[in-house]
$ cat data_27.cif   # mmCIF, C-alpha atoms
data_coords
#
loop_
_atom_site.label_atom_id
_atom_site.label_comp_id
_atom_site.auth_asym_id
_atom_site.auth_seq_id
_atom_site.Cartn_x
_atom_site.Cartn_y
_atom_site.Cartn_z
CA ALA C 1 -1.51 -9.55 3.49
CA THR C 2 -2.67 -6.55 5.49
CA CYS C 3 -3.01 -5.69 9.14
CA ALA C 4 -2.24 -2.86 11.53
CA ILE C 5 1.28 -3.57 12.71
CA SER C 6 4.15 -1.56 14.12
CA ARG C 7 7.53 -1.33 12.41
CA ASN C 8 9.00 -3.64 15.06
CA ILE C 9 6.37 -6.28 14.31
CA LEU C 10 7.00 -5.78 10.60
CA THR C 11 10.67 -6.63 11.16
CA LYS C 12 9.71 -9.84 12.98
CA THR C 13 7.29 -10.73 10.19
CA CYS C 14 9.93 -10.18 7.49
CA ARG C 15 12.38 -12.40 9.36
CA LEU C 16 9.76 -15.13 9.59
CA ALA C 17 9.10 -14.78 5.86
CA GLU C 18 12.79 -15.20 5.08
CA ARG C 19 13.00 -18.30 7.27
CA GLU C 20 10.05 -19.70 5.31
CA ARG C 21 12.03 -18.95 2.12
CA PHE C 22 9.77 -16.16 0.89
CA GLN C 23 11.30 -13.19 -0.87
CA VAL C 24 10.11 -9.94 0.73
CA VAL C 25 9.30 -7.66 -2.20
CA HIS C 26 8.06 -4.79 -0.03
CA GLY C 27 6.84 -4.21 3.46
CA ILE C 28 5.15 -1.31 5.22
CA VAL C 29 3.42 -0.97 8.59
CA ASP C 30 0.12 -2.35 7.30
CA SER C 31 1.12 -4.55 4.35
CA LEU C 32 3.61 -7.22 3.31
CA TYR C 33 4.31 -8.22 -0.30
CA LEU C 34 5.93 -11.63 -0.75
CA LYS C 35 7.18 -13.73 -3.64
CA LYS C 36 8.01 -17.44 -3.82
CA PRO C 37 8.28 -19.42 -7.08
CA GLY C 38 5.74 -22.25 -7.25
CA CYS C 39 4.00 -21.19 -4.04
CA SER C 40 0.28 -21.95 -3.81
CA ASP C 41 -2.45 -19.79 -2.29
CA GLY C 42 -2.70 -22.35 0.50
CA GLU C 43 0.94 -21.84 1.44
CA TYR C 44 0.43 -18.07 1.59
CA GLU C 45 -2.64 -18.58 3.79
CA GLU C 46 -0.68 -20.92 6.04
CA PHE C 47 2.09 -18.35 6.34
CA ALA C 48 -0.47 -15.65 7.24
CA GLN C 49 -1.72 -17.87 10.06
CA LYS C 50 1.83 -18.26 11.38
CA VAL C 51 2.27 -14.49 11.33
CA GLN C 52 -0.99 -14.01 13.20
CA GLN C 53 0.18 -16.43 15.88
CA LEU C 54 3.53 -14.60 16.07
CA ILE C 55 2.18 -11.06 16.43
CA GLY C 56 -1.26 -11.69 17.96
CA ILE C 57 -2.98 -9.40 15.47
CA HIS C 58 -5.33 -10.32 12.62
CA PHE C 59 -3.23 -11.01 9.52
CA ALA C 60 -4.84 -12.30 6.31
CA PHE C 61 -3.83 -13.34 2.81
CA GLU C 62 -5.43 -10.78 0.47
CA GLY C 63 -4.58 -12.27 -2.90
CA ARG C 64 -2.00 -12.97 -5.56
CA PHE C 65 -0.88 -10.35 -8.06
CA ARG C 66 -0.23 -11.11 -11.71
CA TRP C 67 2.10 -8.13 -11.51
CA ILE C 68 2.54 -5.01 -9.42
CA ALA C 69 4.39 -1.73 -10.00
CA PHE C 70 5.80 0.26 -7.08
CA LEU C 71 6.37 3.78 -8.38
CA PRO C 72 9.84 5.31 -8.00
CA SER C 73 10.74 8.01 -5.53
CA LYS C 74 11.42 11.42 -7.07
CA LEU C 75 14.61 11.65 -5.04
CA GLN C 76 15.76 8.03 -5.37
CA HIS C 77 14.65 6.77 -8.78
CA LYS C 78 15.69 3.17 -8.15
CA ARG C 79 13.70 2.98 -4.91
CA GLY C 80 10.05 1.96 -5.17
CA LEU C 81 7.64 3.78 -2.88
CA LEU C 82 5.54 1.64 -0.55
CA SER C 83 2.60 4.03 -0.63
CA LYS C 84 2.35 4.52 -4.42
CA PHE C 85 1.63 1.49 -6.56
CA TYR C 86 -0.80 -0.20 -8.88
CA GLY C 87 -1.17 -3.87 -9.70
CA VAL C 88 -3.56 -6.53 -10.93
CA PHE C 89 -4.71 -9.56 -8.96
CA THR C 90 -5.06 -12.93 -10.68
CA ASP C 91 -8.84 -12.38 -10.93
CA GLY C 92 -8.26 -9.14 -12.90
CA LYS C 93 -9.11 -6.77 -10.05
CA VAL C 94 -6.93 -3.65 -9.92
CA LYS C 95 -5.47 -2.41 -6.67
CA ALA C 96 -3.93 1.06 -6.60
CA ARG C 97 -2.75 3.40 -3.87
CA GLY C 98 -1.31 6.93 -3.86
CA ILE C 99 -1.71 7.61 -7.59
CA GLU C 100 -3.77 10.35 -9.22
CA THR C 101 -6.80 8.22 -10.05
CA ARG C 102 -7.16 7.48 -6.32
CA ARG C 103 -7.02 11.14 -5.27
CA GLY C 104 -10.16 13.20 -4.78
CA ASP C 105 -8.49 16.42 -5.98
CA THR C 106 -7.41 15.11 -9.40
CA PRO C 107 -9.00 16.67 -12.52
CA PRO C 108 -11.30 14.09 -14.18
CA ILE C 109 -9.34 14.10 -17.45
CA ILE C 110 -6.13 13.08 -15.67
CA ALA C 111 -7.85 10.38 -13.62
CA LYS C 112 -9.61 9.07 -16.74
CA CYS C 113 -6.35 8.95 -18.72
CA GLN C 114 -4.62 7.04 -15.95
CA THR C 115 -7.55 4.64 -15.54
CA ASP C 116 -7.67 3.92 -19.28
CA ILE C 117 -3.95 3.16 -19.31
CA ILE C 118 -4.14 0.84 -16.30
CA ASN C 119 -7.18 -0.95 -17.75
CA THR C 120 -5.12 -1.61 -20.88
CA LEU C 121 -2.16 -2.90 -18.90
CA ARG C 122 -4.42 -5.14 -16.79
CA GLU C 123 -4.70 -7.46 -19.81
CA ALA C 124 -1.13 -8.59 -19.14
CA SER C 125 -0.64 -11.86 -17.26
CA ASN C 126 3.04 -11.29 -16.56
CA LEU C 127 5.88 -8.78 -16.89
CA GLN C 128 6.73 -9.79 -20.47
CA GLU C 129 3.15 -9.21 -21.65
CA LEU C 130 3.05 -5.96 -19.70
CA ARG C 131 6.09 -4.64 -21.59
CA ARG C 132 4.46 -5.53 -24.92
CA LEU C 133 1.42 -3.44 -23.97
CA ILE C 134 3.44 -0.29 -23.21
CA PRO C 135 3.21 1.06 -26.82
CA LYS C 136 -0.59 0.66 -26.66
CA ALA C 137 -0.63 2.53 -23.33
CA MET C 138 1.48 5.30 -24.86
CA GLU C 139 -1.04 5.65 -27.69
CA ILE C 140 -3.74 6.30 -25.09
CA LEU C 141 -1.57 8.94 -23.43
CA ASP C 142 -0.81 10.58 -26.80
CA ASP C 143 -4.53 10.78 -27.57
CA TYR C 144 -5.20 12.64 -24.30
CA LEU C 145 -2.25 14.98 -24.93
CA ARG C 146 -3.59 15.68 -28.44
CA ARG C 147 -7.06 16.48 -27.08
CA LEU C 148 -5.55 18.97 -24.64
CA GLU C 149 -3.43 20.55 -27.37
CA GLU C 150 -6.43 20.92 -29.72
CA GLY C 151 -8.75 22.32 -27.04
CA ASP C 152 -11.05 19.31 -27.28
CA VAL C 153 -11.70 19.22 -23.51
CA GLU C 154 -14.68 20.47 -21.51
CA VAL C 155 -14.01 22.74 -18.53
CA GLU C 156 -15.59 20.19 -16.16
CA GLU C 157 -12.82 17.72 -17.07
CA LEU C 158 -10.12 20.13 -15.90
CA VAL C 159 -11.32 21.01 -12.41
CA PHE C 160 -9.00 20.62 -9.43
CA ARG C 161 -10.78 20.26 -6.08
CA LYS C 162 -8.61 21.06 -3.07
CA ARG C 163 -9.44 21.78 0.54
CA LEU C 164 -8.22 24.86 2.36
CA SER C 165 -6.32 24.07 5.54
CA ARG C 166 -6.20 27.71 6.64
CA ASP C 167 -7.49 31.14 5.68
CA PRO C 168 -6.51 31.94 2.05
CA SER C 169 -4.45 34.95 3.14
CA ALA C 170 -2.44 32.84 5.62
CA TYR C 171 -0.62 30.78 2.99
CA GLY C 172 3.06 31.72 2.79
CA HIS C 173 3.58 30.31 -0.69
CA ARG C 174 1.68 30.86 -3.93
CA VAL C 175 -0.46 27.74 -3.68
CA SER C 176 -2.95 27.38 -6.53
CA HIS C 177 -6.06 26.70 -4.46
CA ALA C 178 -5.21 29.55 -2.08
CA ILE C 179 -4.84 31.91 -5.06
CA ALA C 180 -8.23 30.80 -6.38
CA ALA C 181 -9.79 31.30 -2.93
CA GLN C 182 -8.27 34.80 -2.64
CA LYS C 183 -9.92 35.73 -5.95
CA LEU C 184 -13.26 34.56 -4.60
CA LYS C 185 -12.80 36.65 -1.44
CA ARG C 186 -12.04 39.75 -3.51
CA LEU C 187 -15.39 39.18 -5.20
CA GLY C 188 -17.07 39.17 -1.81
CA ARG C 189 -17.46 35.39 -1.51
CA GLU C 190 -16.95 33.85 1.94
CA VAL C 191 -14.24 31.18 1.85
CA SER C 192 -13.23 29.42 5.08
CA PRO C 193 -10.67 26.82 6.23
CA GLY C 194 -11.96 23.30 5.62
CA GLU C 195 -13.85 24.36 2.52
CA ASP C 196 -13.17 22.86 -0.92
CA VAL C 197 -12.05 25.19 -3.69
CA ASN C 198 -12.75 24.22 -7.30
CA TYR C 199 -10.52 25.81 -9.91
CA VAL C 200 -9.07 25.46 -13.39
CA VAL C 201 -5.50 26.32 -14.34
CA ALA C 202 -5.70 28.86 -17.17
CA SER C 203 -3.32 30.96 -19.27
CA THR C 204 -3.64 34.71 -18.83
CA ALA C 205 -4.09 36.68 -22.01
CA GLN C 206 -1.55 39.29 -20.90
CA ASP C 207 1.58 37.28 -20.22
CA GLY C 208 0.72 33.63 -20.91
CA LEU C 209 1.50 32.59 -17.35
CA ALA C 210 -0.56 29.90 -15.63
CA GLU C 211 -3.08 31.03 -13.05
CA ALA C 212 -5.72 29.34 -10.91
CA VAL C 213 -9.21 30.54 -11.83
CA PRO C 214 -12.14 29.59 -9.56
CA LEU C 215 -14.74 27.51 -11.39
CA ASP C 216 -17.44 30.00 -10.33
CA ILE C 217 -15.91 32.80 -12.40
CA ILE C 218 -14.85 30.83 -15.49
CA SER C 219 -16.06 32.59 -18.65
CA GLU C 220 -16.02 31.87 -22.38
CA SER C 221 -12.84 33.92 -22.66
CA THR C 222 -10.96 31.71 -20.17
CA VAL C 223 -8.34 29.57 -21.91
CA TYR C 224 -6.99 26.58 -20.00
CA ASP C 225 -3.24 26.02 -19.86
CA ALA C 226 -2.78 22.97 -22.09
CA LYS C 227 0.92 22.55 -21.29
CA TYR C 228 0.21 22.55 -17.56
CA TYR C 229 -2.32 19.74 -17.89
CA GLN C 230 -0.11 17.82 -20.30
#

$ encode --input "data_27.cif" --output "structure tokens"
Amino acid sequence: ATCAISRNILTKTCRLAERERFQVVHGIVDSLYLKKPGCSDGEYEEFAQKVQQLIGIHFAFEGRFRWIAFLPSKLQHKRGLLSKFYGVFTDGKVKARGIETRRGDTPPIIAKCQTDIINTLREASNLQELRRLIPKAMEILDDYLRRLEEGDVEVEELVFRKRLSRDPSAYGHRVSHAIAAQKLKRLGREVSPGEDVNYVVASTAQDGLAEAVPLDIISESTVYDAKYYQ
């Protein structure tokens, strides 16, 4: 169920859910994920109506998941992040947030790999079936890694697209898109804050280190950094 709610209202909603004998799987300021063995869609809809009466804000039952995966925090591996997940509704529709395939700056090959894996996992009706599909998902990943290793990837599949938040020279750290923008400026191109920079991560011939190369100046001699993309 989703709505625009404050953290205080979320607390009240979670308490109501517990009184109604729902297990709160996850909750964030605009979403609540509940679980209750044997619960029907009608019961979830009835609960959503009770929440709406409690908080005075529109609150609706969005659907039932066959399964959902909340991705772990990099700092706390056992803690699932509320803003990064993917799951499959009972009608087969995928819902995902915060992962690469949802980001506009992700290279197409990475987004495609992730989408292919999720579309394979969506065949699972429950957690047990999902686990049985993991080897098949790993085969898909291995195929993409092999393609990168063998150079069987077009440049267009490798492009990062990131927006500059400031002038390229104002970045304090060596940020890839700022480096690419600085190269464009040295070539006399005008690059301004708010503008998108398209670049590929390549290996330099001199030292083998990764570098961001603007798409506009990619040449036949440019070799992408396979290990970086892997």

$ residues_around --input "data_27.cif" --residues "region 214-230 of chain C" --least-positions-apart "6" --cutoff "12 Å" --atoms "all atoms listed in the file" --output "compact mmCIF listing (two decimals) with C-alpha atoms, keeping the file's coordinate frame"
# COMPACT_ATOMS: atom_id res chain seq x y z
CA THR C 106 -7.41 15.11 -9.40
CA PRO C 107 -9.00 16.67 -12.52
CA PRO C 108 -11.30 14.09 -14.18
CA ILE C 109 -9.34 14.10 -17.45
CA ILE C 110 -6.13 13.08 -15.67
CA ALA C 111 -7.85 10.38 -13.62
CA CYS C 113 -6.35 8.95 -18.72
CA LEU C 141 -1.57 8.94 -23.43
CA ASP C 142 -0.81 10.58 -26.80
CA ASP C 143 -4.53 10.78 -27.57
CA TYR C 144 -5.20 12.64 -24.30
CA LEU C 145 -2.25 14.98 -24.93
CA ARG C 146 -3.59 15.68 -28.44
CA ARG C 147 -7.06 16.48 -27.08
CA LEU C 148 -5.55 18.97 -24.64
CA GLU C 149 -3.43 20.55 -27.37
CA GLU C 150 -6.43 20.92 -29.72
CA GLY C 151 -8.75 22.32 -27.04
CA ASP C 152 -11.05 19.31 -27.28
CA VAL C 153 -11.70 19.22 -23.51
CA GLU C 154 -14.68 20.47 -21.51
CA VAL C 155 -14.01 22.74 -18.53
CA GLU C 156 -15.59 20.19 -16.16
CA GLU C 157 -12.82 17.72 -17.07
CA LEU C 158 -10.12 20.13 -15.90
CA VAL C 159 -11.32 21.01 -12.41
CA PHE C 160 -9.00 20.62 -9.43
CA ARG C 161 -10.78 20.26 -6.08
CA LYS C 162 -8.61 21.06 -3.07
CA SER C 176 -2.95 27.38 -6.53
CA HIS C 177 -6.06 26.70 -4.46
CA ALA C 178 -5.21 29.55 -2.08
CA ILE C 179 -4.84 31.91 -5.06
CA ALA C 180 -8.23 30.80 -6.38
CA ALA C 181 -9.79 31.30 -2.93
CA GLN C 182 -8.27 34.80 -2.64
CA LYS C 183 -9.92 35.73 -5.95
CA LEU C 184 -13.26 34.56 -4.60
CA LYS C 185 -12.80 36.65 -1.44
CA ARG C 186 -12.04 39.75 -3.51
CA LEU C 187 -15.39 39.18 -5.20
CA ARG C 189 -17.46 35.39 -1.51
CA VAL C 191 -14.24 31.18 1.85
CA ASP C 196 -13.17 22.86 -0.92
CA VAL C 197 -12.05 25.19 -3.69
CA ASN C 198 -12.75 24.22 -7.30
CA TYR C 199 -10.52 25.81 -9.91
CA VAL C 200 -9.07 25.46 -13.39
CA VAL C 201 -5.50 26.32 -14.34
CA ALA C 202 -5.70 28.86 -17.17
CA SER C 203 -3.32 30.96 -19.27
CA THR C 204 -3.64 34.71 -18.83
CA ALA C 205 -4.09 36.68 -22.01
CA GLN C 206 -1.55 39.29 -20.90
CA GLY C 208 0.72 33.63 -20.91

$ closest_residue --input "data_27.cif" --among "C:Arg97, C:Lys112, C:Arg66, C:Arg102" --to "Ser125 (chain C)" --atoms "only C-alpha atoms"
C:Arg66

$ atom_distance --input "data_27.cif" --atom1 "CA of Ala170 (chain C)" --atom2 "CA of Glu100 (chain C)"
27.0 Å

$ resolve_selection --input "data_27.cif" --expression "the PyMOL selection byres ((chain C and resi 36-48) around 8)" --output "number ranges by chain"
C: 1, 17, 21-23, 34-35, 49-52, 59-61, 63-64

$ write_last_selection --input "data_27.cif" --atoms "C-alpha atoms" --output "CSV table (one decimal), in the frame of the given file"
chain,number,residue,atom,x,y,z
C,1,ALA,CA,-1.5,-9.6,3.5
C,17,ALA,CA,9.1,-14.8,5.9
C,21,ARG,CA,12.0,-19.0,2.1
C,22,PHE,CA,9.8,-16.2,0.9
C,23,GLN,CA,11.3,-13.2,-0.9
C,34,LEU,CA,5.9,-11.6,-0.8
C,35,LYS,CA,7.2,-13.7,-3.6
C,49,GLN,CA,-1.7,-17.9,10.1
C,50,LYS,CA,1.8,-18.3,11.4
C,51,VAL,CA,2.3,-14.5,11.3
C,52,GLN,CA,-1.0,-14.0,13.2
C,59,PHE,CA,-3.2,-11.0,9.5
C,60,ALA,CA,-4.8,-12.3,6.3
C,61,PHE,CA,-3.8,-13.3,2.8
C,63,GLY,CA,-4.6,-12.3,-2.9
C,64,ARG,CA,-2.0,-13.0,-5.6

$ resolve_selection --input "data_27.cif" --expression "the PyMOL selection byres ((chain C and resi 120) around 12)" --output "list in words"
Val88, Gly92, Val94, Cys113, Gln114, Thr115, Asp116, Ile117, Ile118, Asn119, Leu121, Arg122, Glu123, Ala124, Ser125, Glu129, Leu130, Arg131, Arg132, Leu133, Ile134, Pro135, Lys136, Ala137, Met138, Glu139, Ile140 and Leu141 of chain C

$ atom_distance --input "data_27.cif" --atom1 "CA of Ser165 (chain C)" --atom2 "CA of Lys74 (chain C)"
25.2 Å

$ closest_residue --input "data_27.cif" --among "C:Leu32, C:Ile99, C:Leu164, C:Val24" --to "Ile9 (chain C)" --atoms "all atoms listed in the file"
C:Leu32

$ closest_residue --input "data_27.cif" --among "C:Tyr171, C:Glu211, C:Phe70, C:Asp105" --to "Pro193 (chain C)" --atoms "only C-alpha atoms"
C:Tyr171

$ atom_distance --input "data_27.cif" --atom1 "CA of Gly194 (chain C)" --atom2 "CA of Val213 (chain C)"
19.1 Å

$ build_atoms --input "data_27.cif" --residues "region 81-103 of chain C" --atoms "N, CA, C and O atoms" --output "PDB file, in the frame of the given file"
ATOM      1  N   LEU C  81       8.366   3.266  -4.035  1.00  0.00           N
ATOM      2  CA  LEU C  81       7.640   3.780  -2.880  1.00  0.00           C
ATOM      3  C   LEU C  81       6.593   2.764  -2.416  1.00  0.00           C
ATOM      4  O   LEU C  81       5.894   2.162  -3.232  1.00  0.00           O
ATOM      5  N   LEU C  82       6.496   2.583  -1.119  1.00  0.00           N
ATOM      6  CA  LEU C  82       5.540   1.640  -0.550  1.00  0.00           C
ATOM      7  C   LEU C  82       4.101   2.139  -0.665  1.00  0.00           C
ATOM      8  O   LEU C  82       3.164   1.351  -0.720  1.00  0.00           O
ATOM      9  N   SER C  83       3.939   3.450  -0.687  1.00  0.00           N
ATOM     10  CA  SER C  83       2.600   4.030  -0.630  1.00  0.00           C
ATOM     11  C   SER C  83       2.042   4.398  -2.006  1.00  0.00           C
ATOM     12  O   SER C  83       0.913   4.879  -2.107  1.00  0.00           O
ATOM     13  N   LYS C  84       2.826   4.187  -3.080  1.00  0.00           N
ATOM     14  CA  LYS C  84       2.350   4.520  -4.420  1.00  0.00           C
ATOM     15  C   LYS C  84       2.587   3.332  -5.348  1.00  0.00           C
ATOM     16  O   LYS C  84       3.716   3.039  -5.726  1.00  0.00           O
ATOM     17  N   PHE C  85       1.503   2.658  -5.698  1.00  0.00           N
ATOM     18  CA  PHE C  85       1.630   1.490  -6.560  1.00  0.00           C
ATOM     19  C   PHE C  85       0.316   1.189  -7.255  1.00  0.00           C
ATOM     20  O   PHE C  85      -0.734   1.705  -6.901  1.00  0.00           O
ATOM     21  N   TYR C  86       0.400   0.364  -8.267  1.00  0.00           N
ATOM     22  CA  TYR C  86      -0.800  -0.200  -8.880  1.00  0.00           C
ATOM     23  C   TYR C  86      -0.446  -1.595  -9.372  1.00  0.00           C
ATOM     24  O   TYR C  86       0.697  -1.875  -9.746  1.00  0.00           O
ATOM     25  N   GLY C  87      -1.413  -2.494  -9.297  1.00  0.00           N
ATOM     26  CA  GLY C  87      -1.170  -3.870  -9.700  1.00  0.00           C
ATOM     27  C   GLY C  87      -2.482  -4.562 -10.001  1.00  0.00           C
ATOM     28  O   GLY C  87      -3.566  -4.019  -9.756  1.00  0.00           O
ATOM     29  N   VAL C  88      -2.376  -5.773 -10.546  1.00  0.00           N
ATOM     30  CA  VAL C  88      -3.560  -6.530 -10.930  1.00  0.00           C
ATOM     31  C   VAL C  88      -3.521  -7.908 -10.287  1.00  0.00           C
ATOM     32  O   VAL C  88      -2.540  -8.649 -10.433  1.00  0.00           O
ATOM     33  N   PHE C  89      -4.593  -8.245  -9.553  1.00  0.00           N
ATOM     34  CA  PHE C  89      -4.710  -9.560  -8.960  1.00  0.00           C
ATOM     35  C   PHE C  89      -4.984 -10.603 -10.053  1.00  0.00           C
ATOM     36  O   PHE C  89      -5.344 -10.257 -11.184  1.00  0.00           O
ATOM     37  N   THR C  90      -4.840 -11.863  -9.715  1.00  0.00           N
ATOM     38  CA  THR C  90      -5.060 -12.930 -10.680  1.00  0.00           C
ATOM     39  C   THR C  90      -6.490 -12.955 -11.218  1.00  0.00           C
ATOM     40  O   THR C  90      -6.733 -13.458 -12.316  1.00  0.00           O
ATOM     41  N   ASP C  91      -7.453 -12.413 -10.463  1.00  0.00           N
ATOM     42  CA  ASP C  91      -8.840 -12.380 -10.930  1.00  0.00           C
ATOM     43  C   ASP C  91      -9.135 -11.143 -11.779  1.00  0.00           C
ATOM     44  O   ASP C  91     -10.283 -10.915 -12.187  1.00  0.00           O
ATOM     45  N   GLY C  92      -8.096 -10.323 -12.060  1.00  0.00           N
ATOM     46  CA  GLY C  92      -8.260  -9.140 -12.900  1.00  0.00           C
ATOM     47  C   GLY C  92      -8.593  -7.868 -12.148  1.00  0.00           C
ATOM     48  O   GLY C  92      -8.644  -6.788 -12.744  1.00  0.00           O
ATOM     49  N   LYS C  93      -8.801  -7.955 -10.845  1.00  0.00           N
ATOM     50  CA  LYS C  93      -9.110  -6.770 -10.050  1.00  0.00           C
ATOM     51  C   LYS C  93      -7.865  -5.905  -9.884  1.00  0.00           C
ATOM     52  O   LYS C  93      -6.774  -6.405  -9.613  1.00  0.00           O
ATOM     53  N   VAL C  94      -8.043  -4.604 -10.063  1.00  0.00           N
ATOM     54  CA  VAL C  94      -6.930  -3.650  -9.920  1.00  0.00           C
ATOM     55  C   VAL C  94      -6.873  -3.133  -8.494  1.00  0.00           C
ATOM     56  O   VAL C  94      -7.898  -2.809  -7.892  1.00  0.00           O
ATOM     57  N   LYS C  95      -5.668  -3.057  -7.960  1.00  0.00           N
ATOM     58  CA  LYS C  95      -5.470  -2.410  -6.670  1.00  0.00           C
ATOM     59  C   LYS C  95      -4.452  -1.294  -6.870  1.00  0.00           C
ATOM     60  O   LYS C  95      -3.373  -1.503  -7.424  1.00  0.00           O
ATOM     61  N   ALA C  96      -4.813  -0.098  -6.439  1.00  0.00           N
ATOM     62  CA  ALA C  96      -3.930   1.060  -6.600  1.00  0.00           C
ATOM     63  C   ALA C  96      -3.976   1.918  -5.351  1.00  0.00           C
ATOM     64  O   ALA C  96      -5.013   2.038  -4.711  1.00  0.00           O
ATOM     65  N   ARG C  97      -2.849   2.507  -5.014  1.00  0.00           N
ATOM     66  CA  ARG C  97      -2.750   3.400  -3.870  1.00  0.00           C
ATOM     67  C   ARG C  97      -1.820   4.568  -4.213  1.00  0.00           C
ATOM     68  O   ARG C  97      -0.802   4.386  -4.874  1.00  0.00           O
ATOM     69  N   GLY C  98      -2.204   5.766  -3.772  1.00  0.00           N
ATOM     70  CA  GLY C  98      -1.310   6.930  -3.860  1.00  0.00           C
ATOM     71  C   GLY C  98      -1.158   7.552  -5.226  1.00  0.00           C
ATOM     72  O   GLY C  98      -0.421   8.532  -5.365  1.00  0.00           O
ATOM     73  N   ILE C  99      -1.844   7.023  -6.259  1.00  0.00           N
ATOM     74  CA  ILE C  99      -1.710   7.610  -7.590  1.00  0.00           C
ATOM     75  C   ILE C  99      -2.901   8.527  -7.873  1.00  0.00           C
ATOM     76  O   ILE C  99      -3.890   8.535  -7.146  1.00  0.00           O
ATOM     77  N   GLU C 100      -2.804   9.286  -8.967  1.00  0.00           N
ATOM     78  CA  GLU C 100      -3.770  10.350  -9.220  1.00  0.00           C
ATOM     79  C   GLU C 100      -5.219   9.859  -9.292  1.00  0.00           C
ATOM     80  O   GLU C 100      -6.128  10.531  -8.810  1.00  0.00           O
ATOM     81  N   THR C 101      -5.434   8.716  -9.898  1.00  0.00           N
ATOM     82  CA  THR C 101      -6.800   8.220 -10.050  1.00  0.00           C
ATOM     83  C   THR C 101      -7.455   7.878  -8.710  1.00  0.00           C
ATOM     84  O   THR C 101      -8.667   7.741  -8.620  1.00  0.00           O
ATOM     85  N   ARG C 102      -6.651   7.770  -7.657  1.00  0.00           N
ATOM     86  CA  ARG C 102      -7.160   7.480  -6.320  1.00  0.00           C
ATOM     87  C   ARG C 102      -7.387   8.745  -5.496  1.00  0.00           C
ATOM     88  O   ARG C 102      -7.946   8.691  -4.412  1.00  0.00           O
ATOM     89  N   ARG C 103      -6.943   9.894  -6.019  1.00  0.00           N
ATOM     90  CA  ARG C 103      -7.020  11.140  -5.270  1.00  0.00           C
ATOM     91  C   ARG C 103      -8.307  11.891  -5.594  1.00  0.00           C
ATOM     92  O   ARG C 103      -8.713  11.975  -6.748  1.00  0.00           O
TER      93      ARG C 103
END
